[in-house]
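Remarks on the structure that follows.
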Amino acid sequence: MPSIRIPSALRTFTKGAADIEITATTVRDALSELERLHPGIGARLMTDGTVKPFIRIFVGADDIGELGGLDAKVSERDEISIIPAIAGGSGA
Amino acid sequence: MTLRATIVGAGGLGGPISLGLARTGIELTIIDPDVVELSNLHRQIQFTAVDLGAPKAARLAGSVVAHGGVARGIVADWTLARADEISGDADLIIDASDDPETKFAVADWAVANGRRYVIAAALRYGGNVMAGAPGVACYRCLFEEPAEVPSCADAGVLGPVVGAIGSVAAAIALGLVHGDRTYAGALLAFDDLRKVAEPRVVRYAPRPGCPACARAPISPLAAPPVRVAEGN
């Protein structure tokens, strides 16, 4: 069963869980299932059916942009990673 | 030949990056507008109580010199308007700021001027380090545009995390400035350093229509792809 790696900033939606196992054959299905299981997280990832510009999604080490976008296929052992832009590091 | 680097930000990331590069023979320009505050000290370990109220850039440059390096501190914001003046002679530029707009500005300037660059960020228990160089996908290819994302002031950051992310950024910068392109065009994502110290290394393609790449002297769309080691 493929899994989705949840970034720490979004784990409030998953009750702290870092990895969520999903029944899905595409990234789009996986994100829909994630939203069904953890309502609210989808709105943090997508707008009008597209991934927000400061969020990138990878299957394994590969950007889904190179794999067919949200229609990228996922298989049983794939790990889907959600990587958001972050900005911390310097200030007060 | 003397190598030069600009480090944008003298705080939680800028400290370990600057000190990590202090004795590598690279001349550093460190720029930051802020002064040291009490709330900084738990994670900005380059400063102590005696530095309170002093400009971070000047104090950090002084520490680099005390460690045997060469550095100058500039107490100001790094902006595109002054970028050529401040970083025009830099072989490498490192963003260690906590401001999304600055990260994109640093990356865009580096791409347009054919410079190598590193964008570092830390938040809560993890962080990201992105390495850029001419001919590969850029930071704007990755995240497209600045957004309202949490900063350390909003979400906090664990003190040791900035040391770890900053040290990784310094090591990658050192490789980049000496021509090692292993991580050029890749992002190292550290999710939760309390649990997993190894990053996920992800690669991404140049984004067609990227406005930053359109100004690059070497088009990433025309360059051969760079392969990197895959992480966990």
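Ordered as shown in the structure tokens, chains take letters A, B, and onward, while each chain numbers its residues from 1 and ligands are numbered from 1 in the order shown.
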> Residues of chain A within 8 Å of chain B, using only C-alpha atoms, as a ChimeraX atom specification?
Replying inline: /A:7-8,53-56,58,60-63,65-66,83,85-92
Written selection (N, CA and C atoms) as an mmCIF file, in the first residue's frame:
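Here's the written file selection34.cif:
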```cif
data_model
loop_
_atom_site.group_PDB
_atom_site.id
_atom_site.type_symbol
_atom_site.label_atom_id
_atom_site.label_comp_id
_atom_site.auth_asym_id
_atom_site.auth_seq_id
_atom_site.Cartn_x
_atom_site.Cartn_y
_atom_site.Cartn_z
ATOM 1 N N PRO A 7 4.452 16.440 6.005
ATOM 2 C CA PRO A 7 5.424 17.352 6.610
ATOM 3 C C PRO A 7 4.979 17.763 8.008
ATOM 4 N N SER A 8 5.926 18.063 8.855
ATOM 5 C CA SER A 8 5.597 18.306 10.264
ATOM 6 C C SER A 8 4.599 19.454 10.419
ATOM 7 N N PRO A 53 1.451 26.654 -5.415
ATOM 8 C CA PRO A 53 2.785 26.877 -5.976
ATOM 9 C C PRO A 53 3.933 26.704 -4.990
ATOM 10 N N PHE A 54 3.671 26.787 -3.702
ATOM 11 C CA PHE A 54 4.756 26.626 -2.732
ATOM 12 C C PHE A 54 4.769 25.227 -2.101
ATOM 13 N N ILE A 55 4.064 24.309 -2.747
ATOM 14 C CA ILE A 55 4.060 22.906 -2.321
ATOM 15 C C ILE A 55 4.592 22.073 -3.486
ATOM 16 N N ARG A 56 5.490 21.151 -3.209
ATOM 17 C CA ARG A 56 5.919 20.209 -4.249
ATOM 18 C C ARG A 56 5.667 18.796 -3.760
ATOM 19 N N PHE A 58 6.436 14.685 -4.474
ATOM 20 C CA PHE A 58 7.372 13.750 -5.081
ATOM 21 C C PHE A 58 6.889 12.318 -4.845
ATOM 22 N N GLY A 60 8.730 8.925 -4.372
ATOM 23 C CA GLY A 60 10.132 8.585 -4.149
ATOM 24 C C GLY A 60 10.949 9.860 -4.235
ATOM 25 N N ALA A 61 11.977 9.862 -5.085
ATOM 26 C CA ALA A 61 12.812 11.053 -5.243
ATOM 27 C C ALA A 61 12.415 11.877 -6.451
ATOM 28 N N ASP A 62 11.345 11.488 -7.115
ATOM 29 C CA ASP A 62 11.015 12.138 -8.386
ATOM 30 C C ASP A 62 9.831 13.078 -8.268
ATOM 31 N N ASP A 63 10.013 14.260 -8.819
ATOM 32 C CA ASP A 63 8.971 15.277 -8.889
ATOM 33 C C ASP A 63 7.814 14.746 -9.736
ATOM 34 N N GLY A 65 5.923 16.322 -11.451
ATOM 35 C CA GLY A 65 5.893 17.050 -12.723
ATOM 36 C C GLY A 65 6.531 16.264 -13.858
ATOM 37 N N GLU A 66 7.448 15.383 -13.501
ATOM 38 C CA GLU A 66 8.119 14.553 -14.503
ATOM 39 C C GLU A 66 7.428 13.215 -14.684
ATOM 40 N N ILE A 83 6.391 18.340 0.140
ATOM 41 C CA ILE A 83 7.454 19.224 0.624
ATOM 42 C C ILE A 83 7.026 20.674 0.421
ATOM 43 N N ALA A 85 7.436 24.893 0.880
ATOM 44 C CA ALA A 85 8.442 25.928 1.100
ATOM 45 C C ALA A 85 8.387 26.333 2.566
ATOM 46 N N ILE A 86 9.544 26.559 3.152
ATOM 47 C CA ILE A 86 9.587 27.102 4.511
ATOM 48 C C ILE A 86 10.545 28.278 4.514
ATOM 49 N N ALA A 87 10.408 29.116 5.521
ATOM 50 C CA ALA A 87 11.151 30.374 5.459
ATOM 51 C C ALA A 87 11.964 30.655 6.708
ATOM 52 N N GLY A 88 11.878 29.831 7.707
ATOM 53 C CA GLY A 88 12.538 30.167 8.963
ATOM 54 C C GLY A 88 14.047 30.083 8.895
ATOM 55 N N GLY A 89 14.679 30.734 9.861
ATOM 56 C CA GLY A 89 16.120 30.541 9.931
ATOM 57 C C GLY A 89 16.923 31.667 10.503
ATOM 58 N N SER A 90 16.360 32.885 10.552
ATOM 59 C CA SER A 90 17.224 33.974 10.932
ATOM 60 C C SER A 90 16.672 34.819 12.070
ATOM 61 N N GLY A 91 15.456 35.257 11.908
ATOM 62 C CA GLY A 91 14.966 36.375 12.695
ATOM 63 C C GLY A 91 14.725 36.105 14.157
ATOM 64 N N ALA A 92 13.993 37.045 14.767
ATOM 65 C CA ALA A 92 13.782 37.018 16.204
ATOM 66 C C ALA A 92 12.863 35.890 16.624
#
```
>> Excluding Arg5 of chain A and its own-chain neighbours fewer than 2 positions away, which residues fall within 12 Å of it when counting only C-alpha atoms? Please give them as a ChimeraX atom specification.
In response: /A:2-3,7-11,14,16-22,30-31,34,57-60,78-84 /B:189,191-192,200,232
>> Report, in Å to a single decimal, how far apart atom CA of Val65 of chain B and atom CA of Ala22 of chain B are.
In response: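 Calculated distance between atom CA of Ala22 of chain B and atom CA of Val65 of chain B is 7.5 Å.
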> If you run DSSP on this backbone, which residues of chain A come out as strand (DSSP E or B), and could you give them as number ranges by chain?
Replying inline: A: 3-5, 19-21, 26, 46-47, 50-51, 55-59, 62-63, 73, 79-84
>> Among segment 150-229 of chain B, which ones does DSSP assign to alpha helix (DSSP H) (computed from the backbone)? Answer as JSON, numbers by chain.
In response: {"B": [152, 153, 154, 155, 159, 160, 161, 162, 163, 164, 165, 166, 167, 168, 169, 170, 171, 172, 173, 174, 175, 176, 177, 211, 212, 213, 214]}
>> Which residues are close to Val51 of chain A, i.e. within 10 Å by only C-alpha atoms, leaving aside same-chain residues fewer than 6 positions away? Reply as a PyMOL selection string.
In response: chain A and resi 42-45+57+69-70
>> Need to verify the contact set: segment 81-94 of chain B, 6 Å, only C-alpha atoms, exclusion of same-chain residues closer than 3 positions in sequence. Can you return it as a ChimeraX atom specification?
In response: /B:4-7,115-119
Selected residues written out, N, CA, C and O atoms, as an mmCIF file, in the first residue's frame:
```cif
data_model
loop_
_atom_site.group_PDB
_atom_site.id
_atom_site.type_symbol
_atom_site.label_atom_id
_atom_site.label_comp_id
_atom_site.auth_asym_id
_atom_site.auth_seq_id
_atom_site.Cartn_x
_atom_site.Cartn_y
_atom_site.Cartn_z
ATOM 1 N N ARG B 4 34.893 34.208 -3.039
ATOM 2 C CA ARG B 4 34.102 35.104 -2.189
ATOM 3 C C ARG B 4 32.657 34.609 -2.121
ATOM 4 O O ARG B 4 32.132 34.098 -3.113
ATOM 5 N N ALA B 5 32.062 34.795 -0.953
ATOM 6 C CA ALA B 5 30.660 34.400 -0.771
ATOM 7 C C ALA B 5 29.923 35.463 0.013
ATOM 8 O O ALA B 5 30.487 36.094 0.909
ATOM 9 N N THR B 6 28.669 35.653 -0.342
ATOM 10 C CA THR B 6 27.769 36.505 0.446
ATOM 11 C C THR B 6 26.848 35.606 1.247
ATOM 12 O O THR B 6 26.288 34.647 0.697
ATOM 13 N N ILE B 7 26.686 35.939 2.519
ATOM 14 C CA ILE B 7 25.743 35.213 3.373
ATOM 15 C C ILE B 7 24.661 36.193 3.806
ATOM 16 O O ILE B 7 24.951 37.194 4.471
ATOM 17 N N ARG B 115 25.505 32.758 -10.928
ATOM 18 C CA ARG B 115 26.233 32.422 -9.704
ATOM 19 C C ARG B 115 25.675 31.138 -9.085
ATOM 20 O O ARG B 115 24.499 30.832 -9.217
ATOM 21 N N ARG B 116 26.527 30.476 -8.351
ATOM 22 C CA ARG B 116 26.080 29.346 -7.563
ATOM 23 C C ARG B 116 25.412 29.874 -6.286
ATOM 24 O O ARG B 116 25.800 30.936 -5.789
ATOM 25 N N TYR B 117 24.444 29.130 -5.764
ATOM 26 C CA TYR B 117 23.750 29.636 -4.579
ATOM 27 C C TYR B 117 23.161 28.493 -3.763
ATOM 28 O O TYR B 117 22.973 27.374 -4.271
ATOM 29 N N VAL B 118 22.910 28.803 -2.519
ATOM 30 C CA VAL B 118 22.282 27.851 -1.595
ATOM 31 C C VAL B 118 21.163 28.587 -0.868
ATOM 32 O O VAL B 118 21.357 29.712 -0.402
ATOM 33 N N ILE B 119 19.999 27.968 -0.808
ATOM 34 C CA ILE B 119 18.870 28.523 -0.067
ATOM 35 C C ILE B 119 18.599 27.590 1.112
ATOM 36 O O ILE B 119 18.303 26.413 0.914
#
```
>> Report as a ChimeraX atom specification all protein, DNA and RNA residues lying within 10 Å of Pro39 of chain A, evaluated on only C-alpha atoms, omitting residues in the same chain fewer than 6 positions from it.
In response: /A:13-14,32-33
>> Just to confirm, what's the straight-line distance from atom CA of Gly179 of chain B to atom CA of Ala133 of chain B in Å (one decimal)?
In response: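 Going from atom CA of Gly179 of chain B over to atom CA of Ala133 of chain B covers 9.6 Å.
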> atom CA of Gly25 of chain B and atom CA of Gly68 of chain B, how far apart in Å?
Replying inline: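 About the pair atom CA of Gly68 of chain B and atom CA of Gly25 of chain B: they are 9.2 Å apart.
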>> I'd like to know which of A:Lys73, A:Ile6, A:Leu67, A:Gly40 is closest to Arg28 of chain A, using only C-alpha atoms.
In response: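 Looking only at the distances to Arg28 of chain A, the closest residue turns out to be A:Lys73.
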